[in-house]
Amino acid sequence: MPLYALVDCNNFYASCERLFRPGLKGKPVVVLSNNDGCVIARSNEAKALGIPMGAPAFQWEHVFRKQGVAVFSSNYALYGDLSARVMTVLEDLAPRVEVYSIDEAFLDLSGVADAPGLCRKIRARVGQYTGIPVSIGLARTKTLAKLASRCAKKDPALGGVFDLAGCPDPEAILAAAEVGDVWGIGPRHAKRLLSRGVRTALDFSRLPADWVRKEMTVVGLQTQMELKGISCLPVSSAPAPRRSVLCSRSFGQLVEDKEHLREAVCAFAVRAAEKLRDAGLEAQAVQVFTLTPRHREELPQHQGQATVTLPGPTNFTPDIVAATLRGLDEAFRQGFAYQKAGVLLLGLTPASARQRSLLDLPPEERQRQRALMAVVDAVNRRHGRGALRLAISSAPDRPWHMRQHRRSPRYTTSWDELPRIGQVKG
C-alpha cells in the first residue's frame, strides 16, 4: 500500500534569515520581494501582528518600526543553498524523494516498517545538519500528505510530525480543512465550490464524481480520489523535462539608456546559459522582452518582444549573448522608460542527444566551446558567480540592478561574505 510524506520547511525564508542571527528567535521577521516591494515571507510572530502576505512594504513601514520587525531583502543565493542542503539530507534518509519546490519535498515511504519513526528521524537530522525547522505529514496519498503537513505545522503538540494514515478519525481532519486549502484546488474552483455550499475538503470528497469530472476535468477528479485515499500521483524522482529557461528582473529604477539595457539582458543571457549547461540542455531560440511600468499611466507604454533563432542548438554563452543583443535591437524603443526585461531560451533539447546537421560547427570547434564553458563554470562555482564574466555584463553599480538595501550576507555561497567570529550578532 502506498505511503507518502510531505516535508515542508517552516517559514523557510524567515528561517534562513534567523539561522545566522539566533537573536531573532521569537521576534517578527519578514522578507521582501525583488526591489524590496512586497512581503513574500513572514515568521509566525509577523503573522500574529496581522502583516498580510503580499503587503506593500512602504505601507507597512510604520508597523515594522513600531513592532520591531526585522525586515530583509530577498537573498535567493542563501535560500537556494540551504534548500539544497535540506534536500541532500532527505535523499540520504528516504528511499525516494521528489523535490516539489524550494521548501517542500515528497517522500515515497511505501514499505518502510516504521514510517512515523523515520519521519521523526528525518526532522531531527534536518534540524541538526541545517538548522531549518520542518514539518512532516504522512498519508496514503500526496494530497492527504499535504493536509497532514499543515496539521503538523499548526499543532505544536504533534512535535512536527503528523501521521494521517494512522489517524483514528481522518474525516475529522478533512472536515477541518477549508476546500481552498486543498492541494490542486485553485482560487477559481474554490470560489465555485463555495457557491455550491462545498466548504471543506470532506464536502468536496463527497461530491458526485461525475460532476467533479465535468466541472473540474480529470485533474479535479484525481484530487477527489486522492482525498478518498486512492493514490493517483506517485512520487517521481526525476524532474519534469524543462521546456524553457527564463532569466528576468525588475530594475531598481527605470531604465531609458539602451547601453544599460544591453548590459542587463546580457547578464540575464549569461545566467540563462549557465542554467542550460547545469541541466545538460541546449537551446534553439532566444526570446528577449522589455516592459514599461503598467501602473504608471502617466508614462508612455511599450511591451517589446523579439525571438531570434540560433543557427543550431547550443549552450555556448557568446552565441546566446549575440542572439540576445539582436533581439534587443528589435524589442527596444527609444523614448521609453523600462521597468523590466528578460531573456527566455526556447526549443530545449538534451546536449547529449544532439542531432548533427551540415551547418554544424566542426567537432573540434564545438569541443573547444565546451571546454571553455567548463572552465568558466568551474571558476565561477569556486570563486562566486561573476568571477569570470563577459565585459558587456559590466559592473554591479548600474541602475538596472535590483534594490536590495536590506539583504543579509550570502553566508554560504560568497567567500567575501562568510561569517566571522564575533561578527554575526542577534
# chains A, B, ... in the order shown; residues from 1 in each chain; ligands from 1

$ residues_around --residues "A:Asn315" --least-positions-apart "5" --cutoff "12 Å" --atoms "only C-alpha atoms" --output "VMD selection string"
chain A and resid 245 269 to 286 310 320 to 321 323 345 to 352 354 366 369 to 370 372 to 374

$ write_last_selection --atoms "N, CA and C atoms" --output "CSV table (one decimal), in the first residue's frame"
chain,number,residue,atom,x,y,z
A,245,VAL,N,13.9,28.1,-20.4
A,245,VAL,CA,14.7,28.7,-19.3
A,245,VAL,C,14.6,30.2,-19.3
A,269,ALA,N,21.2,36.8,-20.1
A,269,ALA,CA,21.6,35.7,-21.1
A,269,ALA,C,22.7,34.8,-20.5
A,270,VAL,N,23.7,35.4,-19.9
A,270,VAL,CA,24.8,34.7,-19.3
A,270,VAL,C,24.3,33.7,-18.2
A,271,ARG,N,23.4,34.2,-17.4
A,271,ARG,CA,22.8,33.3,-16.3
A,271,ARG,C,21.9,32.2,-16.9
A,272,ALA,N,21.1,32.6,-17.9
A,272,ALA,CA,20.3,31.6,-18.6
A,272,ALA,C,21.2,30.5,-19.2
A,273,ALA,N,22.3,30.9,-19.8
A,273,ALA,CA,23.2,29.9,-20.5
A,273,ALA,C,23.8,28.9,-19.4
A,274,GLU,N,24.1,29.5,-18.2
A,274,GLU,CA,24.6,28.7,-17.1
A,274,GLU,C,23.6,27.6,-16.7
A,275,LYS,N,22.3,28.1,-16.6
A,275,LYS,CA,21.2,27.2,-16.2
A,275,LYS,C,21.1,26.0,-17.3
A,276,LEU,N,21.3,26.4,-18.5
A,276,LEU,CA,21.2,25.4,-19.6
A,276,LEU,C,22.2,24.3,-19.4
A,277,ARG,N,23.5,24.8,-19.2
A,277,ARG,CA,24.6,23.8,-19.0
A,277,ARG,C,24.4,23.0,-17.8
A,278,ASP,N,23.9,23.6,-16.7
A,278,ASP,CA,23.7,22.8,-15.5
A,278,ASP,C,22.7,21.7,-15.7
A,279,ALA,N,21.7,21.9,-16.6
A,279,ALA,CA,20.7,21.0,-16.9
A,279,ALA,C,21.0,20.0,-18.0
A,280,GLY,N,22.2,20.2,-18.6
A,280,GLY,CA,22.6,19.4,-19.7
A,280,GLY,C,21.8,19.6,-21.0
A,281,LEU,N,21.4,20.8,-21.2
A,281,LEU,CA,20.5,21.2,-22.3
A,281,LEU,C,21.1,22.2,-23.3
A,282,GLU,N,20.5,22.3,-24.5
A,282,GLU,CA,20.9,23.3,-25.4
A,282,GLU,C,19.6,24.0,-25.9
A,283,ALA,N,19.7,25.2,-26.4
A,283,ALA,CA,18.5,26.0,-26.8
A,283,ALA,C,18.6,26.2,-28.3
A,284,GLN,N,17.4,26.3,-28.9
A,284,GLN,CA,17.4,26.6,-30.4
A,284,GLN,C,16.9,28.0,-30.7
A,285,ALA,N,16.4,28.7,-29.7
A,285,ALA,CA,16.0,30.1,-29.9
A,285,ALA,C,16.1,30.9,-28.7
A,286,VAL,N,16.2,32.2,-28.9
A,286,VAL,CA,16.3,33.2,-27.7
A,286,VAL,C,15.2,34.2,-27.9
A,310,LEU,N,18.6,30.5,-33.3
A,310,LEU,CA,20.0,30.2,-33.3
A,310,LEU,C,20.3,29.3,-34.5
A,320,ILE,N,24.7,32.8,-27.4
A,320,ILE,CA,23.4,33.2,-26.8
A,320,ILE,C,23.4,34.7,-26.5
A,321,VAL,N,24.5,35.2,-26.1
A,321,VAL,CA,24.5,36.7,-25.9
A,321,VAL,C,24.4,37.4,-27.2
A,323,ALA,N,22.8,36.5,-29.9
A,323,ALA,CA,21.4,36.4,-30.3
A,323,ALA,C,20.5,37.4,-29.4
A,345,LEU,N,15.0,31.3,-23.1
A,345,LEU,CA,15.6,30.3,-24.0
A,345,LEU,C,14.6,29.2,-24.3
A,346,LEU,N,14.4,29.0,-25.6
A,346,LEU,CA,13.3,28.1,-26.1
A,346,LEU,C,13.9,26.9,-26.9
A,347,GLY,N,13.0,25.9,-27.2
A,347,GLY,CA,13.4,24.8,-28.0
A,347,GLY,C,14.5,24.0,-27.4
A,348,LEU,N,14.3,23.6,-26.1
A,348,LEU,CA,15.4,22.9,-25.4
A,348,LEU,C,15.5,21.5,-25.8
A,349,THR,N,16.7,21.0,-26.0
A,349,THR,CA,17.0,19.6,-26.3
A,349,THR,C,18.2,19.1,-25.5
A,350,PRO,N,18.3,17.9,-25.2
A,350,PRO,CA,19.4,17.3,-24.4
A,350,PRO,C,20.7,17.5,-25.2
A,351,ALA,N,21.7,18.0,-24.5
A,351,ALA,CA,23.0,18.2,-25.2
A,351,ALA,C,23.6,16.9,-25.6
A,352,SER,N,23.3,15.8,-24.9
A,352,SER,CA,23.9,14.5,-25.2
A,352,SER,C,23.2,13.8,-26.4
A,354,ARG,N,22.2,15.4,-29.3
A,354,ARG,CA,22.1,16.5,-30.3
A,354,ARG,C,22.2,15.8,-31.7
A,366,ARG,N,33.4,22.7,-31.6
A,366,ARG,CA,32.4,22.5,-30.5
A,366,ARG,C,33.1,22.0,-29.3
A,369,GLN,N,34.5,25.0,-27.6
A,369,GLN,CA,33.5,25.8,-26.9
A,369,GLN,C,33.1,25.1,-25.5
A,370,ARG,N,32.9,23.8,-25.6
A,370,ARG,CA,32.5,23.1,-24.3
A,370,ARG,C,33.6,23.2,-23.3
A,372,LEU,N,35.9,25.6,-23.0
A,372,LEU,CA,35.9,27.0,-22.5
A,372,LEU,C,34.8,27.2,-21.4
A,373,MET,N,33.6,26.8,-21.7
A,373,MET,CA,32.5,26.9,-20.8
A,373,MET,C,32.7,26.1,-19.5
A,374,ALA,N,33.3,25.0,-19.6
A,374,ALA,CA,33.5,24.2,-18.5
A,374,ALA,C,34.5,24.9,-17.5

$ residues_around --residues "stretch 327-339 of chain A" --least-positions-apart "6" --cutoff "7 Å" --atoms "only C-alpha atoms" --output "list in words"
Ser250, Phe251, Gln253, Leu254, Val255, Glu256, Gln287, Val288, Phe289, Thr290, Leu291, Thr292, Pro293, Pro300, Gly304, Gln305, Ala306, Thr307 and Val308 of chain A

$ write_last_selection --atoms "C-alpha atoms" --output "PDB file, in the first residue's frame"
ATOM      1  CA  SER A 250      12.531  44.201 -12.365  1.00  0.00           C
ATOM      2  CA  PHE A 251      15.019  47.053 -12.230  1.00  0.00           C
ATOM      3  CA  GLN A 253      14.948  52.231 -11.144  1.00  0.00           C
ATOM      4  CA  LEU A 254      13.504  52.905 -14.581  1.00  0.00           C
ATOM      5  CA  VAL A 255      15.993  52.422 -17.423  1.00  0.00           C
ATOM      6  CA  GLU A 256      15.944  54.529 -20.574  1.00  0.00           C
ATOM      7  CA  GLN A 287      13.395  35.459 -26.870  1.00  0.00           C
ATOM      8  CA  VAL A 288      14.039  38.934 -25.453  1.00  0.00           C
ATOM      9  CA  PHE A 289      11.328  41.074 -23.862  1.00  0.00           C
ATOM     10  CA  THR A 290      11.164  44.580 -22.386  1.00  0.00           C
ATOM     11  CA  LEU A 291       8.347  46.096 -20.293  1.00  0.00           C
ATOM     12  CA  THR A 292       7.482  49.591 -19.150  1.00  0.00           C
ATOM     13  CA  PRO A 293       5.652  50.015 -15.788  1.00  0.00           C
ATOM     14  CA  PRO A 300       4.308  56.145 -22.407  1.00  0.00           C
ATOM     15  CA  GLY A 304       8.767  44.854 -26.729  1.00  0.00           C
ATOM     16  CA  GLN A 305       9.453  41.267 -27.715  1.00  0.00           C
ATOM     17  CA  ALA A 306      11.654  39.563 -30.276  1.00  0.00           C
ATOM     18  CA  THR A 307      12.639  35.952 -30.928  1.00  0.00           C
ATOM     19  CA  VAL A 308      15.938  35.058 -32.585  1.00  0.00           C
TER      20      VAL A 308
END

$ select_by_dssp --residues "stretch 289-406 of chain A" --states "alpha helix (DSSP H)" --output "PyMOL selection string"
chain A and resi 317-331+363-383

$ write_last_selection --atoms "N, CA and C atoms" --output "CSV table (one decimal), in the first residue's frame"
chain,number,residue,atom,x,y,z
A,317,THR,N,27.7,30.4,-24.3
A,317,THR,CA,27.3,31.7,-23.8
A,317,THR,C,27.5,32.8,-24.9
A,318,PRO,N,28.7,33.0,-25.5
A,318,PRO,CA,28.8,34.1,-26.5
A,318,PRO,C,27.8,34.0,-27.6
A,319,ASP,N,27.4,32.8,-28.1
A,319,ASP,CA,26.4,32.7,-29.1
A,319,ASP,C,25.0,33.2,-28.6
A,320,ILE,N,24.7,32.8,-27.4
A,320,ILE,CA,23.4,33.2,-26.8
A,320,ILE,C,23.4,34.7,-26.5
A,321,VAL,N,24.5,35.2,-26.1
A,321,VAL,CA,24.5,36.7,-25.9
A,321,VAL,C,24.4,37.4,-27.2
A,322,ALA,N,25.1,37.0,-28.2
A,322,ALA,CA,25.0,37.6,-29.5
A,322,ALA,C,23.5,37.6,-30.0
A,323,ALA,N,22.8,36.5,-29.9
A,323,ALA,CA,21.4,36.4,-30.3
A,323,ALA,C,20.5,37.4,-29.4
A,324,THR,N,20.9,37.4,-28.1
A,324,THR,CA,20.1,38.3,-27.2
A,324,THR,C,20.2,39.8,-27.7
A,325,LEU,N,21.4,40.2,-28.1
A,325,LEU,CA,21.6,41.6,-28.5
A,325,LEU,C,20.9,41.9,-29.8
A,326,ARG,N,20.8,40.9,-30.7
A,326,ARG,CA,20.0,41.1,-31.9
A,326,ARG,C,18.5,41.2,-31.5
A,327,GLY,N,18.1,40.4,-30.6
A,327,GLY,CA,16.7,40.5,-30.2
A,327,GLY,C,16.4,41.9,-29.5
A,328,LEU,N,17.3,42.4,-28.7
A,328,LEU,CA,17.1,43.6,-28.0
A,328,LEU,C,17.0,44.8,-29.0
A,329,ASP,N,17.7,44.7,-30.1
A,329,ASP,CA,17.6,45.8,-31.1
A,329,ASP,C,16.2,45.9,-31.7
A,330,GLU,N,15.5,44.7,-31.7
A,330,GLU,CA,14.1,44.7,-32.2
A,330,GLU,C,13.1,45.1,-31.1
A,331,ALA,N,13.4,44.7,-29.8
A,331,ALA,CA,12.5,44.9,-28.7
A,331,ALA,C,12.5,46.3,-28.1
A,363,PRO,N,33.6,19.4,-35.3
A,363,PRO,CA,33.7,18.8,-34.0
A,363,PRO,C,34.7,19.4,-33.1
A,364,GLU,N,35.9,19.8,-33.6
A,364,GLU,CA,36.9,20.3,-32.8
A,364,GLU,C,36.6,21.7,-32.2
A,365,GLU,N,35.8,22.5,-33.0
A,365,GLU,CA,35.4,23.8,-32.6
A,365,GLU,C,34.3,23.7,-31.5
A,366,ARG,N,33.4,22.7,-31.6
A,366,ARG,CA,32.4,22.5,-30.5
A,366,ARG,C,33.1,22.0,-29.3
A,367,GLN,N,34.1,21.2,-29.4
A,367,GLN,CA,34.8,20.7,-28.3
A,367,GLN,C,35.5,21.9,-27.6
A,368,ARG,N,36.1,22.8,-28.3
A,368,ARG,CA,36.7,24.0,-27.8
A,368,ARG,C,35.7,24.8,-27.0
A,369,GLN,N,34.5,25.0,-27.6
A,369,GLN,CA,33.5,25.8,-26.9
A,369,GLN,C,33.1,25.1,-25.5
A,370,ARG,N,32.9,23.8,-25.6
A,370,ARG,CA,32.5,23.1,-24.3
A,370,ARG,C,33.6,23.2,-23.3
A,371,ALA,N,34.9,23.1,-23.7
A,371,ALA,CA,36.0,23.2,-22.8
A,371,ALA,C,36.1,24.6,-22.1
A,372,LEU,N,35.9,25.6,-23.0
A,372,LEU,CA,35.9,27.0,-22.5
A,372,LEU,C,34.8,27.2,-21.4
A,373,MET,N,33.6,26.8,-21.7
A,373,MET,CA,32.5,26.9,-20.8
A,373,MET,C,32.7,26.1,-19.5
A,374,ALA,N,33.3,25.0,-19.6
A,374,ALA,CA,33.5,24.2,-18.5
A,374,ALA,C,34.5,24.9,-17.5
A,375,VAL,N,35.5,25.6,-18.1
A,375,VAL,CA,36.5,26.3,-17.3
A,375,VAL,C,35.8,27.5,-16.6
A,376,VAL,N,35.0,28.2,-17.4
A,376,VAL,CA,34.3,29.4,-16.8
A,376,VAL,C,33.3,29.0,-15.7
A,377,ASP,N,32.6,27.9,-15.9
A,377,ASP,CA,31.6,27.5,-14.9
A,377,ASP,C,32.4,27.0,-13.6
A,378,ALA,N,33.5,26.3,-13.8
A,378,ALA,CA,34.3,25.8,-12.7
A,378,ALA,C,34.8,27.0,-11.9
A,379,VAL,N,35.3,28.0,-12.5
A,379,VAL,CA,35.9,29.2,-11.8
A,379,VAL,C,34.8,29.9,-11.0
A,380,ASN,N,33.6,30.1,-11.7
A,380,ASN,CA,32.5,30.8,-11.0
A,380,ASN,C,31.9,30.0,-9.9
A,381,ARG,N,31.9,28.7,-10.0
A,381,ARG,CA,31.5,27.8,-8.9
A,381,ARG,C,32.4,28.0,-7.7
A,382,ARG,N,33.7,28.0,-8.0
A,382,ARG,CA,34.7,28.1,-6.9
A,382,ARG,C,34.8,29.4,-6.3
A,383,HIS,N,34.7,30.5,-7.1
A,383,HIS,CA,35.0,31.8,-6.6
A,383,HIS,C,33.8,32.7,-6.5

$ closest_atom_pairs --of "stretch 15-90 of chain A" --to "stretch 125-131 of chain A" --cutoff "12 Å" --atoms "only C-alpha atoms" --output "tab-separated table"
residue	atom	partner	partner_atom	distance
A:Ser15	CA	A:Gly131	CA	8.4
A:Cys16	CA	A:Gly131	CA	8.4
A:Glu17	CA	A:Gly131	CA	11.0
A:Arg18	CA	A:Gly131	CA	9.3
A:Leu19	CA	A:Gly131	CA	6.4
A:Phe20	CA	A:Gly131	CA	9.5
A:Arg21	CA	A:Gly131	CA	11.5
A:Pro22	CA	A:Gly131	CA	10.5
A:Tyr79	CA	A:Thr130	CA	11.7
A:Asp81	CA	A:Thr130	CA	10.4
A:Leu82	CA	A:Thr130	CA	7.1
A:Ser83	CA	A:Thr130	CA	9.1
A:Ala84	CA	A:Thr130	CA	10.1
A:Arg85	CA	A:Thr130	CA	6.8
A:Val86	CA	A:Val126	CA	6.1
A:Met87	CA	A:Val126	CA	8.9
A:Thr88	CA	A:Val126	CA	9.3
A:Val89	CA	A:Val126	CA	6.3
A:Leu90	CA	A:Val126	CA	7.8

$ write_last_selection --atoms "N, CA and C atoms" --output "compact mmCIF listing (two decimals), in the first residue's frame"
# COMPACT_ATOMS: atom_id res chain seq x y z
N SER A 15 13.20 31.51 8.23
CA SER A 15 14.07 30.59 8.98
C SER A 15 15.51 30.70 8.51
N CYS A 16 15.71 30.89 7.20
CA CYS A 16 17.07 31.07 6.66
C CYS A 16 17.70 32.34 7.24
N GLU A 17 16.94 33.42 7.34
CA GLU A 17 17.48 34.66 7.88
C GLU A 17 17.82 34.54 9.36
N ARG A 18 17.04 33.74 10.08
CA ARG A 18 17.29 33.56 11.51
C ARG A 18 18.50 32.67 11.78
N LEU A 19 18.86 31.85 10.81
CA LEU A 19 19.87 30.82 11.04
C LEU A 19 21.18 31.42 11.53
N PHE A 20 21.59 32.53 10.96
CA PHE A 20 22.85 33.16 11.36
C PHE A 20 22.63 34.33 12.31
N ARG A 21 21.39 34.50 12.76
CA ARG A 21 21.05 35.55 13.72
C ARG A 21 20.16 34.94 14.81
N PRO A 22 20.72 34.15 15.69
CA PRO A 22 19.89 33.49 16.71
C PRO A 22 19.13 34.47 17.59
N TYR A 79 19.00 31.22 0.22
CA TYR A 79 17.86 30.31 0.32
C TYR A 79 18.07 29.08 -0.56
N ASP A 81 20.89 27.70 -1.52
CA ASP A 81 21.92 26.82 -0.98
C ASP A 81 21.41 26.03 0.21
N LEU A 82 20.68 26.68 1.10
CA LEU A 82 20.14 25.97 2.26
C LEU A 82 19.07 24.96 1.84
N SER A 83 18.30 25.29 0.81
CA SER A 83 17.33 24.32 0.29
C SER A 83 18.04 23.08 -0.22
N ALA A 84 19.13 23.27 -0.96
CA ALA A 84 19.87 22.12 -1.48
C ALA A 84 20.41 21.25 -0.35
N ARG A 85 20.81 21.86 0.74
CA ARG A 85 21.32 21.09 1.88
C ARG A 85 20.20 20.28 2.55
N VAL A 86 19.03 20.90 2.66
CA VAL A 86 17.88 20.16 3.22
C VAL A 86 17.56 18.96 2.34
N MET A 87 17.50 19.16 1.02
CA MET A 87 17.16 18.07 0.11
C MET A 87 18.20 16.97 0.14
N THR A 88 19.46 17.33 0.33
CA THR A 88 20.52 16.31 0.42
C THR A 88 20.30 15.41 1.63
N VAL A 89 19.90 15.99 2.75
CA VAL A 89 19.61 15.19 3.95
C VAL A 89 18.45 14.24 3.67
N LEU A 90 17.40 14.74 3.01
CA LEU A 90 16.25 13.88 2.70
C LEU A 90 16.67 12.72 1.80

$ residues_around --residues "stretch 223-236 of chain A" --least-positions-apart "2" --cutoff "7 Å" --atoms "only C-alpha atoms" --output "NGL selection string"
:A and (98 or 106 or 108 or 140-144 or 184 or 204-205 or 219-221 or 238)

$ residues_around --residues "A:Ser43" --least-positions-apart "6" --cutoff "9 Å" --atoms "only C-alpha atoms" --output "count of residues only"
11

$ closest_residue --among "A:Gly37, A:Gly197, A:Pro95, A:Pro168" --to "A:Gly252" --atoms "only C-alpha atoms"
A:Gly37

$ atom_distance --atom1 "atom CA of A:Ile185" --atom2 "atom CA of A:Val212"
11.5 Å

$ residues_around --residues "A:Ser110" --least-positions-apart "6" --cutoff "10 Å" --atoms "only C-alpha atoms" --output "count of residues only"
8

$ closest_residue --among "A:Leu138, A:Cys247, A:Arg407, A:His295" --to "A:Leu344" --atoms "only C-alpha atoms"
A:Cys247

$ residues_around --residues "A:Arg192" --least-positions-apart "6" --cutoff "12 Å" --atoms "only C-alpha atoms" --output "PDB file with N, CA and C atoms, in the first residue's frame"
ATOM      1  N   VAL A 179     -11.862  24.056   1.765  1.00  0.00           N
ATOM      2  CA  VAL A 179     -11.711  23.487   0.429  1.00  0.00           C
ATOM      3  C   VAL A 179     -10.649  24.235  -0.373  1.00  0.00           C
ATOM      4  N   GLY A 180     -10.491  25.524  -0.137  1.00  0.00           N
ATOM      5  CA  GLY A 180      -9.486  26.292  -0.858  1.00  0.00           C
ATOM      6  C   GLY A 180      -8.067  25.971  -0.459  1.00  0.00           C
ATOM      7  N   ILE A 185      -6.765  22.467  -5.820  1.00  0.00           N
ATOM      8  CA  ILE A 185      -7.977  23.276  -5.999  1.00  0.00           C
ATOM      9  C   ILE A 185      -7.582  24.745  -5.960  1.00  0.00           C
ATOM     10  N   GLY A 186      -7.598  25.391  -7.114  1.00  0.00           N
ATOM     11  CA  GLY A 186      -7.192  26.778  -7.210  1.00  0.00           C
ATOM     12  C   GLY A 186      -8.286  27.731  -6.772  1.00  0.00           C
ATOM     13  N   VAL A 198     -19.945  23.886  -0.840  1.00  0.00           N
ATOM     14  CA  VAL A 198     -18.831  22.968  -0.555  1.00  0.00           C
ATOM     15  C   VAL A 198     -17.750  23.782   0.154  1.00  0.00           C
ATOM     16  N   ARG A 199     -17.637  23.628   1.455  1.00  0.00           N
ATOM     17  CA  ARG A 199     -16.758  24.481   2.246  1.00  0.00           C
ATOM     18  C   ARG A 199     -15.507  23.769   2.745  1.00  0.00           C
ATOM     19  N   PHE A 204     -15.984  18.262  -0.357  1.00  0.00           N
ATOM     20  CA  PHE A 204     -15.548  18.029  -1.737  1.00  0.00           C
ATOM     21  C   PHE A 204     -15.402  16.536  -2.020  1.00  0.00           C
ATOM     22  N   VAL A 212     -17.744  16.312 -10.607  1.00  0.00           N
ATOM     23  CA  VAL A 212     -16.367  16.796 -10.454  1.00  0.00           C
ATOM     24  C   VAL A 212     -15.619  16.656 -11.779  1.00  0.00           C
ATOM     25  N   GLU A 215     -17.047  19.372 -14.265  1.00  0.00           N
ATOM     26  CA  GLU A 215     -16.806  20.769 -13.936  1.00  0.00           C
ATOM     27  C   GLU A 215     -15.331  21.096 -13.667  1.00  0.00           C
ATOM     28  N   MET A 216     -14.535  20.085 -13.280  1.00  0.00           N
ATOM     29  CA  MET A 216     -13.148  20.352 -12.888  1.00  0.00           C
ATOM     30  C   MET A 216     -12.142  19.483 -13.624  1.00  0.00           C
TER      31      MET A 216
END

$ decode --residues "stretch 143-181 of chain A" --atoms "C-alpha atoms" --output "short mmCIF file (atom, residue, chain, number, x, y, z; two decimals), in the first residue's frame"
data_model
loop_
_atom_site.label_atom_id
_atom_site.label_comp_id
_atom_site.auth_asym_id
_atom_site.auth_seq_id
_atom_site.Cartn_x
_atom_site.Cartn_y
_atom_site.Cartn_z
CA THR A 143 -2.80 15.31 -1.45
CA LEU A 144 -3.56 13.95 2.02
CA ALA A 145 0.13 14.27 2.94
CA LYS A 146 -0.13 17.97 2.12
CA LEU A 147 -3.06 18.34 4.52
CA ALA A 148 -1.22 16.31 7.15
CA SER A 149 1.83 18.58 6.94
CA ARG A 150 -0.41 21.60 7.60
CA CYS A 151 -1.67 19.88 10.75
CA ALA A 152 1.88 19.11 11.83
CA LYS A 153 2.85 22.75 11.37
CA LYS A 154 -0.16 24.22 13.19
CA ASP A 155 -0.26 21.99 16.27
CA PRO A 156 2.95 22.14 18.37
CA ALA A 157 1.75 19.14 20.40
CA LEU A 158 2.39 16.90 17.38
CA GLY A 159 6.12 17.54 17.53
CA GLY A 160 6.33 18.47 13.85
CA VAL A 161 5.13 15.08 12.51
CA PHE A 162 1.54 14.01 11.87
CA ASP A 163 0.58 10.54 10.64
CA LEU A 164 -2.79 10.89 8.92
CA ALA A 165 -2.56 7.28 7.71
CA GLY A 166 -2.69 6.13 11.34
CA CYS A 167 -5.26 8.70 12.47
CA PRO A 168 -8.38 7.09 14.04
CA ASP A 169 -10.70 9.76 12.60
CA PRO A 170 -9.33 11.03 9.25
CA GLU A 171 -12.69 12.53 8.29
CA ALA A 172 -12.35 15.00 11.16
CA ILE A 173 -9.14 16.27 9.56
CA LEU A 174 -10.87 16.69 6.19
CA ALA A 175 -13.80 18.45 7.85
CA ALA A 176 -11.43 20.95 9.47
CA ALA A 177 -9.66 21.81 6.19
CA GLU A 178 -11.12 24.56 4.00
CA VAL A 179 -11.71 23.49 0.43
CA GLY A 180 -9.49 26.29 -0.86
CA ASP A 181 -6.57 24.86 1.13
#
